[in-house]
>>> print(open('structure16.txt').read())   # compact mmCIF, C-alpha atoms and all ligand atoms
# COMPACT_ATOMS: atom_id res chain seq x y z
CA MET A 1 -134.82 -116.67 141.69
CA SER A 2 -131.38 -115.69 140.45
CA ASN A 3 -130.30 -116.58 136.93
CA VAL A 4 -126.70 -117.16 138.10
CA HIS A 5 -125.76 -120.86 138.07
CA PRO A 6 -122.47 -122.59 138.94
CA ALA A 7 -120.82 -124.00 135.80
CA THR A 8 -121.55 -127.66 136.52
CA PRO A 9 -121.88 -130.13 133.62
CA GLU A 10 -125.70 -130.15 134.10
CA ASN A 11 -125.91 -126.37 134.06
CA ILE A 12 -123.66 -126.16 130.99
CA ALA A 13 -125.95 -128.68 129.22
CA ARG A 14 -128.98 -126.54 130.17
CA ALA A 15 -127.22 -123.41 128.89
CA ALA A 16 -126.52 -125.17 125.57
CA GLU A 17 -130.24 -126.01 125.23
CA ILE A 18 -131.16 -122.37 125.89
CA LEU A 19 -128.73 -121.26 123.16
CA ARG A 20 -130.13 -123.78 120.69
CA ALA A 21 -133.65 -122.51 121.46
CA GLY A 22 -132.64 -118.90 120.69
CA GLY A 23 -132.06 -117.63 124.27
CA LEU A 24 -129.24 -115.60 125.82
CA VAL A 25 -126.51 -117.19 127.97
CA ALA A 26 -123.69 -115.35 129.73
CA PHE A 27 -120.56 -117.48 130.13
CA PRO A 28 -116.94 -117.12 131.24
CA THR A 29 -114.11 -117.00 128.73
CA GLU A 30 -110.41 -116.65 129.61
CA THR A 31 -110.70 -112.89 128.88
CA VAL A 32 -114.06 -111.58 130.18
CA TYR A 33 -117.63 -112.91 130.47
CA GLY A 34 -119.49 -113.03 127.14
CA LEU A 35 -123.19 -112.57 126.38
CA GLY A 36 -123.88 -115.42 123.96
CA ALA A 37 -126.54 -116.25 121.40
CA HIS A 38 -126.89 -118.71 118.49
CA ALA A 39 -124.81 -116.92 115.84
CA LEU A 40 -126.82 -118.27 112.91
CA ASP A 41 -130.20 -117.20 114.37
CA PRO A 42 -130.78 -113.50 113.55
CA ARG A 43 -133.60 -113.18 116.12
CA ALA A 44 -131.37 -114.51 118.88
CA VAL A 45 -128.54 -112.20 117.81
CA ARG A 46 -130.84 -109.15 117.90
CA LYS A 47 -131.59 -109.96 121.56
CA ILE A 48 -127.90 -109.38 122.38
CA PHE A 49 -128.08 -105.82 121.06
CA GLN A 50 -131.31 -105.15 122.99
CA ALA A 51 -129.95 -106.57 126.27
CA LYS A 52 -126.74 -104.49 126.07
CA ASP A 53 -128.24 -101.30 124.59
CA ARG A 54 -125.57 -101.79 121.92
CA PRO A 55 -125.84 -99.91 118.60
CA SER A 56 -126.68 -102.33 115.78
CA TRP A 57 -123.70 -101.19 113.67
CA ASP A 58 -121.14 -102.57 116.19
CA PRO A 59 -120.25 -106.10 114.99
CA LEU A 60 -119.98 -109.16 117.27
CA ILE A 61 -117.28 -111.79 117.75
CA VAL A 62 -118.32 -115.36 116.90
CA HIS A 63 -116.95 -118.09 119.17
CA VAL A 64 -116.30 -121.48 117.58
CA THR A 65 -115.15 -124.96 118.69
CA GLY A 66 -112.10 -124.93 116.45
CA LEU A 67 -110.67 -124.51 112.98
CA ALA A 68 -113.21 -126.87 111.36
CA MET A 69 -116.21 -124.84 112.57
CA ALA A 70 -114.37 -121.59 111.73
CA ARG A 71 -114.07 -122.80 108.13
CA THR A 72 -117.88 -123.02 107.89
CA LEU A 73 -118.12 -119.27 108.57
CA ALA A 74 -115.11 -117.59 106.94
CA ARG A 75 -112.73 -117.83 104.00
CA GLU A 76 -108.94 -117.69 103.96
CA LEU A 77 -108.33 -119.03 107.46
CA PRO A 78 -104.60 -119.08 108.18
CA ALA A 79 -104.02 -122.58 109.60
CA ALA A 80 -100.57 -121.84 111.06
CA LEU A 81 -101.70 -118.72 112.93
CA ALA A 82 -104.77 -120.55 114.27
CA ALA A 83 -102.64 -123.52 115.34
CA ARG A 84 -100.30 -121.19 117.26
CA PHE A 85 -102.90 -119.03 119.09
CA TRP A 86 -106.17 -121.02 119.23
CA PRO A 87 -107.64 -121.77 121.64
CA GLY A 88 -106.82 -118.39 123.17
CA PRO A 89 -107.50 -114.64 123.31
CA LEU A 90 -106.97 -113.90 119.60
CA THR A 91 -109.89 -112.88 117.35
CA LEU A 92 -109.35 -113.08 113.59
CA VAL A 93 -111.24 -110.81 111.17
CA LEU A 94 -111.71 -112.65 107.85
CA PRO A 95 -113.93 -112.53 104.74
CA LYS A 96 -117.28 -114.01 105.79
CA LEU A 97 -119.29 -116.77 104.15
CA PRO A 98 -122.94 -116.02 103.20
CA ARG A 99 -124.46 -118.10 106.03
CA VAL A 100 -123.22 -115.62 108.66
CA PRO A 101 -126.17 -113.26 109.28
CA ALA A 102 -125.74 -109.54 108.66
CA GLU A 103 -126.93 -108.93 112.24
CA VAL A 104 -123.68 -110.52 113.53
CA THR A 105 -121.31 -108.56 111.31
CA ALA A 106 -123.29 -105.30 111.25
CA GLY A 107 -123.57 -105.68 107.49
CA ARG A 108 -119.81 -105.99 106.97
CA SER A 109 -118.29 -108.43 104.49
CA THR A 110 -115.99 -109.72 107.25
CA VAL A 111 -116.58 -111.81 110.37
CA ALA A 112 -114.56 -111.88 113.62
CA LEU A 113 -113.84 -115.40 114.94
CA ARG A 114 -112.20 -116.84 118.00
CA VAL A 115 -111.78 -120.16 119.82
CA PRO A 116 -111.90 -119.50 123.57
CA ARG A 117 -109.48 -121.33 125.90
CA HIS A 118 -111.64 -121.25 129.06
CA PRO A 119 -112.81 -124.82 129.86
CA VAL A 120 -116.40 -123.67 130.51
CA ALA A 121 -116.60 -121.77 127.22
CA ALA A 122 -115.13 -124.79 125.42
CA ALA A 123 -117.59 -127.16 127.15
CA LEU A 124 -120.53 -124.89 126.27
CA LEU A 125 -119.49 -124.76 122.59
CA ALA A 126 -119.00 -128.54 122.54
CA ALA A 127 -122.44 -129.13 124.10
CA ALA A 128 -124.27 -126.63 121.88
CA GLN A 129 -122.41 -127.59 118.68
CA LEU A 130 -123.11 -124.20 117.17
CA PRO A 131 -121.20 -120.95 116.70
CA ILE A 132 -121.90 -118.52 119.56
CA ALA A 133 -121.98 -114.77 118.89
CA ALA A 134 -120.87 -113.04 122.09
CA PRO A 135 -119.77 -109.54 122.97
CA SER A 136 -118.61 -108.76 126.51
CA ALA A 137 -121.59 -109.20 128.87
CA ASN A 138 -121.69 -105.61 130.14
CA ARG A 139 -123.99 -102.69 129.43
CA PHE A 140 -122.69 -100.74 126.42
CA ARG A 141 -119.74 -98.48 127.40
CA CYS A 142 -119.41 -99.93 130.94
CA PRO A 143 -116.27 -101.77 132.16
CA SER A 144 -116.27 -105.35 130.88
CA PRO A 145 -117.42 -108.06 133.33
CA THR A 146 -114.82 -110.39 134.83
CA THR A 147 -117.19 -112.06 137.32
CA ALA A 148 -120.75 -113.43 137.15
CA ALA A 149 -121.75 -110.78 139.71
CA HIS A 150 -120.67 -108.03 137.27
CA VAL A 151 -122.89 -109.59 134.59
CA ARG A 152 -125.81 -109.76 137.02
CA GLU A 153 -125.26 -106.09 138.04
CA ASP A 154 -125.25 -104.89 134.42
CA LEU A 155 -127.81 -107.15 132.73
CA GLY A 156 -130.00 -108.56 135.52
CA ASP A 157 -132.83 -110.59 134.02
CA ARG A 158 -132.12 -109.45 130.46
CA VAL A 159 -130.08 -112.67 130.16
CA ASP A 160 -131.73 -116.08 130.52
CA TRP A 161 -128.85 -117.96 132.16
CA ILE A 162 -125.50 -116.88 133.66
CA LEU A 163 -122.83 -119.56 134.07
CA ASP A 164 -120.57 -118.73 137.03
CA ALA A 165 -117.00 -120.04 137.08
CA GLY A 166 -115.38 -117.32 139.19
CA PRO A 167 -113.13 -114.48 137.94
CA THR A 168 -111.79 -114.70 134.40
CA PRO A 169 -107.99 -115.21 134.31
CA VAL A 170 -106.77 -112.82 131.57
CA GLY A 171 -109.04 -109.92 132.52
CA VAL A 172 -108.88 -107.88 129.29
CA GLU A 173 -110.57 -108.84 126.02
CA SER A 174 -109.08 -110.69 123.08
CA THR A 175 -106.75 -109.08 120.57
CA VAL A 176 -108.72 -108.32 117.38
CA LEU A 177 -106.50 -108.90 114.33
CA ASP A 178 -107.72 -107.89 110.85
CA LEU A 179 -106.27 -110.33 108.31
CA THR A 180 -107.97 -108.61 105.36
CA GLN A 181 -105.39 -105.80 105.54
CA THR A 182 -101.74 -106.01 104.48
CA PRO A 183 -99.86 -106.15 106.76
CA PRO A 184 -102.37 -107.63 109.25
CA ALA A 185 -103.62 -104.93 111.62
CA ILE A 186 -104.46 -105.02 115.32
CA LEU A 187 -107.88 -103.34 115.63
CA ARG A 188 -107.93 -103.79 119.41
CA PRO A 189 -104.92 -104.77 121.57
CA GLY A 190 -105.74 -107.60 123.99
CA GLY A 191 -104.74 -110.88 125.55
CA VAL A 192 -102.27 -111.86 122.80
CA SER A 193 -99.49 -109.27 122.61
CA ARG A 194 -98.30 -107.38 119.55
CA GLU A 195 -94.83 -108.89 120.15
CA GLU A 196 -96.19 -112.45 120.06
CA LEU A 197 -98.03 -111.72 116.80
CA ALA A 198 -95.02 -110.02 115.23
CA ALA A 199 -92.88 -113.07 116.04
CA VAL A 200 -95.17 -115.16 113.82
CA LEU A 201 -96.36 -112.67 111.20
CA GLY A 202 -93.40 -110.33 110.81
CA ALA A 203 -95.03 -106.96 110.26
CA VAL A 204 -98.15 -106.11 112.30
CA ALA A 205 -99.85 -102.71 112.13
CA LEU A 206 -101.81 -101.02 114.91
CA ALA A 207 -104.96 -99.63 113.29
CA PRO A 208 -108.08 -97.88 114.55
CA GLY A 209 -110.95 -100.32 115.11
CA VAL A 210 -114.68 -100.24 115.72
CA GLU A 211 -114.12 -99.01 119.27
CA ASP A 212 -112.45 -95.90 117.85
CA GLU A 213 -115.50 -95.38 115.63
CA VAL A 214 -117.65 -95.49 118.75
CA ALA A 215 -115.58 -92.69 120.25
CA ALA A 216 -115.48 -90.70 117.00
CA ARG A 217 -119.25 -90.86 116.54
CA GLY A 218 -119.68 -89.30 119.97
CA LEU A 219 -122.52 -91.62 120.86
CA ALA A 220 -123.12 -89.97 124.21
CA GLY A 221 -124.89 -87.17 122.35
CA PRO A 222 -124.27 -83.49 121.71
CA GLY A 223 -121.76 -81.87 124.00
CA MET A 224 -120.49 -85.12 125.46
CA SER A 225 -117.84 -87.33 123.97
CA ALA A 226 -118.31 -91.08 123.96
CA LYS A 227 -116.50 -93.10 126.58
CA HIS A 228 -115.90 -96.82 126.66
CA TYR A 229 -115.19 -99.00 129.71
CA ALA A 230 -116.02 -95.93 131.81
CA PRO A 231 -116.73 -95.77 135.55
CA ARG A 232 -119.16 -93.23 137.04
CA ALA A 233 -116.25 -91.40 138.74
CA ARG A 234 -113.88 -89.37 136.57
CA LEU A 235 -110.78 -91.39 135.64
CA GLU A 236 -107.48 -89.54 135.15
CA VAL A 237 -104.37 -91.28 133.80
CA PHE A 238 -100.68 -90.35 134.20
CA GLU A 239 -97.38 -91.45 132.74
CA ASP A 240 -95.57 -91.45 136.09
CA ASP A 241 -96.11 -91.63 139.84
CA ARG A 242 -94.87 -88.09 140.60
CA GLN A 243 -97.53 -86.52 138.36
CA LEU A 244 -100.19 -88.69 139.98
CA GLN A 245 -99.11 -87.75 143.52
CA ALA A 246 -99.15 -84.02 142.72
CA ARG A 247 -102.65 -84.31 141.29
CA GLU A 248 -103.80 -86.39 144.26
CA ARG A 249 -102.63 -83.69 146.72
CA ALA A 250 -104.37 -80.95 144.74
CA LEU A 251 -107.64 -82.88 144.56
CA ARG A 252 -107.59 -83.71 148.27
CA GLN A 253 -107.03 -80.02 149.08
CA GLN A 254 -110.20 -79.28 147.09
CA GLY A 255 -112.03 -81.77 149.32
CA LYS A 256 -112.44 -84.36 146.58
CA ARG A 257 -112.64 -88.06 147.38
CA VAL A 258 -109.83 -89.76 145.47
CA GLY A 259 -109.11 -93.41 144.70
CA VAL A 260 -105.83 -94.69 143.27
CA LEU A 261 -106.03 -97.60 140.83
CA VAL A 262 -103.05 -99.94 140.55
CA PRO A 263 -103.53 -101.47 137.10
CA ALA A 264 -102.95 -105.13 136.34
CA ALA A 265 -104.82 -106.92 133.56
CA PRO A 266 -106.52 -109.67 135.64
CA THR A 267 -108.00 -107.20 138.15
CA LEU A 268 -108.34 -104.06 135.98
CA PHE A 269 -112.10 -104.00 135.37
CA ALA A 270 -112.99 -105.41 138.82
CA GLU A 271 -110.86 -102.71 140.50
CA ILE A 272 -112.46 -99.94 138.42
CA ARG A 273 -115.90 -101.20 139.49
CA ARG A 274 -114.81 -101.61 143.13
CA LEU A 275 -113.31 -98.12 143.42
CA ASP A 276 -116.34 -96.65 141.68
CA ALA A 277 -118.67 -98.34 144.19
CA THR A 278 -116.79 -96.71 147.10
CA GLY A 279 -118.22 -93.40 145.91
CA VAL A 280 -114.96 -91.61 145.06
CA ASP A 281 -115.15 -88.49 142.85
CA VAL A 282 -111.96 -89.18 140.93
CA ILE A 283 -109.91 -92.31 140.19
CA LEU A 284 -106.20 -91.75 139.43
CA CYS A 285 -104.00 -94.27 137.67
CA VAL A 286 -100.43 -94.51 136.34
CA LEU A 287 -100.44 -96.12 132.88
CA PRO A 288 -98.33 -99.28 132.44
CA ALA A 289 -95.66 -99.50 129.72
CA ALA A 290 -97.02 -100.22 126.22
CA THR A 291 -95.42 -103.66 125.99
CA GLY A 292 -96.96 -107.14 126.28
CA ILE A 293 -100.43 -107.03 127.83
CA GLY A 294 -99.61 -103.49 129.02
CA LEU A 295 -100.66 -102.22 125.56
CA ALA A 296 -104.21 -103.55 126.12
CA VAL A 297 -104.37 -102.21 129.69
CA ARG A 298 -103.25 -98.73 128.51
CA ASP A 299 -105.84 -98.84 125.70
CA ARG A 300 -108.73 -99.63 128.08
CA LEU A 301 -107.61 -97.02 130.63
CA GLN A 302 -107.23 -94.30 127.99
CA ARG A 303 -110.72 -95.01 126.60
CA ALA A 304 -112.22 -95.05 130.10
CA ALA A 305 -110.50 -91.72 130.83
CA THR A 306 -111.74 -89.87 127.73
CA ALA A 307 -113.49 -86.90 129.31
O1 LIG A 401 -112.35 -111.33 124.65
C1 LIG A 401 -113.26 -110.99 123.91
O2 LIG A 401 -113.05 -110.68 122.72
C2 LIG A 401 -114.69 -110.94 124.48
C3 LIG A 401 -115.08 -112.38 124.85
C4 LIG A 401 -116.52 -112.48 125.29
O3 LIG A 401 -114.80 -113.22 123.77
N1 LIG A 401 -115.60 -110.38 123.54
C5 LIG A 401 -115.61 -109.04 123.24
O4 LIG A 401 -116.60 -108.63 122.38
O5 LIG A 401 -114.82 -108.25 123.72
P1 LIG A 401 -117.02 -107.09 122.16
O6 LIG A 401 -118.28 -107.13 121.38
O7 LIG A 401 -117.09 -106.40 123.46
O8 LIG A 401 -115.91 -106.52 121.24
C6 LIG A 401 -115.90 -106.96 119.90
C7 LIG A 401 -115.00 -106.10 119.08
C8 LIG A 401 -115.72 -104.90 118.47
O9 LIG A 401 -115.64 -103.76 119.26
C9 LIG A 401 -114.91 -104.72 117.20
O10 LIG A 401 -113.78 -103.94 117.54
C10 LIG A 401 -114.45 -106.08 116.83
O11 LIG A 401 -114.62 -106.89 117.95
N2 LIG A 401 -115.12 -106.67 115.66
C11 LIG A 401 -116.10 -107.62 115.63
N3 LIG A 401 -116.41 -107.94 114.36
C12 LIG A 401 -115.63 -107.21 113.57
C13 LIG A 401 -115.47 -107.10 112.15
N4 LIG A 401 -116.19 -107.83 111.30
N5 LIG A 401 -114.57 -106.22 111.70
C14 LIG A 401 -113.83 -105.49 112.55
N6 LIG A 401 -113.92 -105.55 113.89
C15 LIG A 401 -114.81 -106.39 114.39
MG MG A 402 -117.11 -104.97 124.90
>>> encode(input="structure16.txt", output="structure tokens")
Amino acid sequence: MSNVHPATPENIARAAEILRAGGLVAFPTETVYGLGAHALDPRAVRKIFQAKDRPSWDPLIVHVTGLAMARTLARELPAALAARFWPGPLTLVLPKLPRVPAEVTAGRSTVALRVPRHPVAAALLAAAQLPIAAPSANRFRCPSPTTAAHVREDLGDRVDWILDAGPTPVGVESTVLDLTQTPPAILRPGGVSREELAAVLGAVALAPGVEDEVAARGLAGPGMSAKHYAPRARLEVFEDDRQLQARERALRQQGKRVGVLVPAAPTLFAEIRRLDATGVDVILCVLPAATGIGLAVRDRLQRAATA
């Protein structure tokens, strides 16, 4: 029997029970599907790392019901920033309180928090009444899942319960903002744009984050560099259409099977998976401008293209 269940009130209540009992639940957020566990239960949190094949030093985002629950996990929460962007695709990195297990934060003194806007994620948090640690519900380094079918493909029965509410609307992950740096620094561009943050905060830096450490550590092993969000086919990115067309002609002359990806945030990861499943050798893509959500889309494409 499949572990994919429509996100009805009964199935959300069942998912909340599974979380409370220390199990794994995949659920939709407005960005991508998350693989959730009880954030204050170290055994449950360790299951996330096992299910994803994720290295234990890569910290998780904790999803909370709102500012009040956030205050039980972190210090120095900026109320005005939270009021402006929560619920929504903004993750705040703050000094953690002692009750947050080291498994969640990979031993760091900070914790990443966000309040999701998706009604199913909100209903699950409300039913469970506990903070939910959840990375994207994909295998480590694969494109993030934007449908329940993607989760099923990647994780199969490694997850106890998958709540299905159709495709996720934003399509790229949350913006990770480190508030322990001055000025605050974007560690990962995402669903809230740099421009929106700058309008509230003034100065905002763009800093390397954990995902850059993944690449730098070359986790794929000797001789291979680490990729993130990567399809099986080679992905090549271009700044303009003319360059892409020239490359496409050359590849076709060599007898290669070529797919062209038209990038838009809501369909980005689904399109990468779809093109990959057609069996093409190479996927070509023109990068969007680095403004608004385009910054996040460029970031994911460039990581996926790292050869
Ligand atoms: O939209 C999202 O953020 C999705 C949904 C499920 O909420 N979650 C997600 O989680 O993308 P994940 O694990 O795939 O990415 C979490 C990223 C890490 O790669 C890291 O960059 C950052 O969040 N992060 C988490 N805790 C951190 C910390 N204490 N300090 C710095 N960065 C942290
Ligand atoms: Mg991820």
>>> residues_near_point(input="structure16.txt", point="(-115.9, -113.5, 127.3)", cutoff="8 Å", atoms="all atoms listed in the file", output="MDAnalysis selection string")
chainID A and resid 27:35 134:137 173
>>> closest_atom_pairs(input="structure16.txt", of="range 144-187 of chain A", to="range 36-59 of chain A", cutoff="8 Å", atoms="only C-alpha atoms", output="JSON lines")
{"residue": "A:Leu155", "atom": "CA", "partner": "A:Ala51", "partner_atom": "CA", "distance": 6.8}
{"residue": "A:Arg158", "atom": "CA", "partner": "A:Ala51", "partner_atom": "CA", "distance": 5.5}
{"residue": "A:Val159", "atom": "CA", "partner": "A:Ala51", "partner_atom": "CA", "distance": 7.2}
>>> residues_around(input="structure16.txt", residues="Leu130 in chain A", least_positions_apart="3", cutoff="9 Å", atoms="all atoms listed in the file", output="PyMOL selection string")
chain A and resi 19-20+38-40+63-65+69+125-127
>>> residues_around(input="structure16.txt", residues="Leu67 in chain A", least_positions_apart="3", cutoff="10 Å", atoms="all atoms listed in the file", output="PDB file with C-alpha atoms, keeping the file's coordinate frame")
ATOM      1  CA  VAL A  64    -116.300-121.480 117.580  1.00  0.00           C
ATOM      2  CA  ALA A  70    -114.370-121.590 111.730  1.00  0.00           C
ATOM      3  CA  ARG A  71    -114.070-122.800 108.130  1.00  0.00           C
ATOM      4  CA  THR A  72    -117.880-123.020 107.890  1.00  0.00           C
ATOM      5  CA  LEU A  77    -108.330-119.030 107.460  1.00  0.00           C
ATOM      6  CA  PRO A  78    -104.600-119.080 108.180  1.00  0.00           C
ATOM      7  CA  ALA A  79    -104.020-122.580 109.600  1.00  0.00           C
ATOM      8  CA  ALA A  82    -104.770-120.550 114.270  1.00  0.00           C
ATOM      9  CA  ALA A  83    -102.640-123.520 115.340  1.00  0.00           C
ATOM     10  CA  TRP A  86    -106.170-121.020 119.230  1.00  0.00           C
ATOM     11  CA  PRO A  87    -107.640-121.770 121.640  1.00  0.00           C
ATOM     12  CA  LEU A 113    -113.840-115.400 114.940  1.00  0.00           C
ATOM     13  CA  ARG A 114    -112.200-116.840 118.000  1.00  0.00           C
ATOM     14  CA  VAL A 115    -111.780-120.160 119.820  1.00  0.00           C
TER      15      VAL A 115
END
>>> atom_distance(input="structure16.txt", atom1="atom C13 of ligand LIG 401 (chain A)", atom2="CA of Val93 in chain A")
5.7 Å
>>> closest_residue(input="structure16.txt", among="A:Val210, A:Ala26, A:Leu261, A:Leu90", to="Arg274 in chain A", atoms="all atoms listed in the file")
A:Leu261
>>> closest_residue(input="structure16.txt", among="A:Leu94, A:Ala185, A:Val176, A:Ala305", to="ligand MG 402 (chain A)", atoms="all atoms listed in the file")
A:Val176
>>> residues_near_point(input="structure16.txt", point="(-119.1, -106.8, 109.0)", cutoff="12 Å", atoms="all atoms listed in the file", output="PyMOL selection string")
chain A and resi 56-62+74+93-98+100-113+178+180+210
>>> closest_residue(input="structure16.txt", among="A:Val280, A:Val258, A:Ala233, A:Cys142", to="ligand MG 402 (chain A)", atoms="all atoms listed in the file")
A:Cys142
>>> residues_around(input="structure16.txt", residues="Val237 in chain A", least_positions_apart="3", cutoff="7 Å", atoms="only C-alpha atoms", output="list in words")
Leu284, Cys285, Val286, Leu287 and Ala305 of chain A
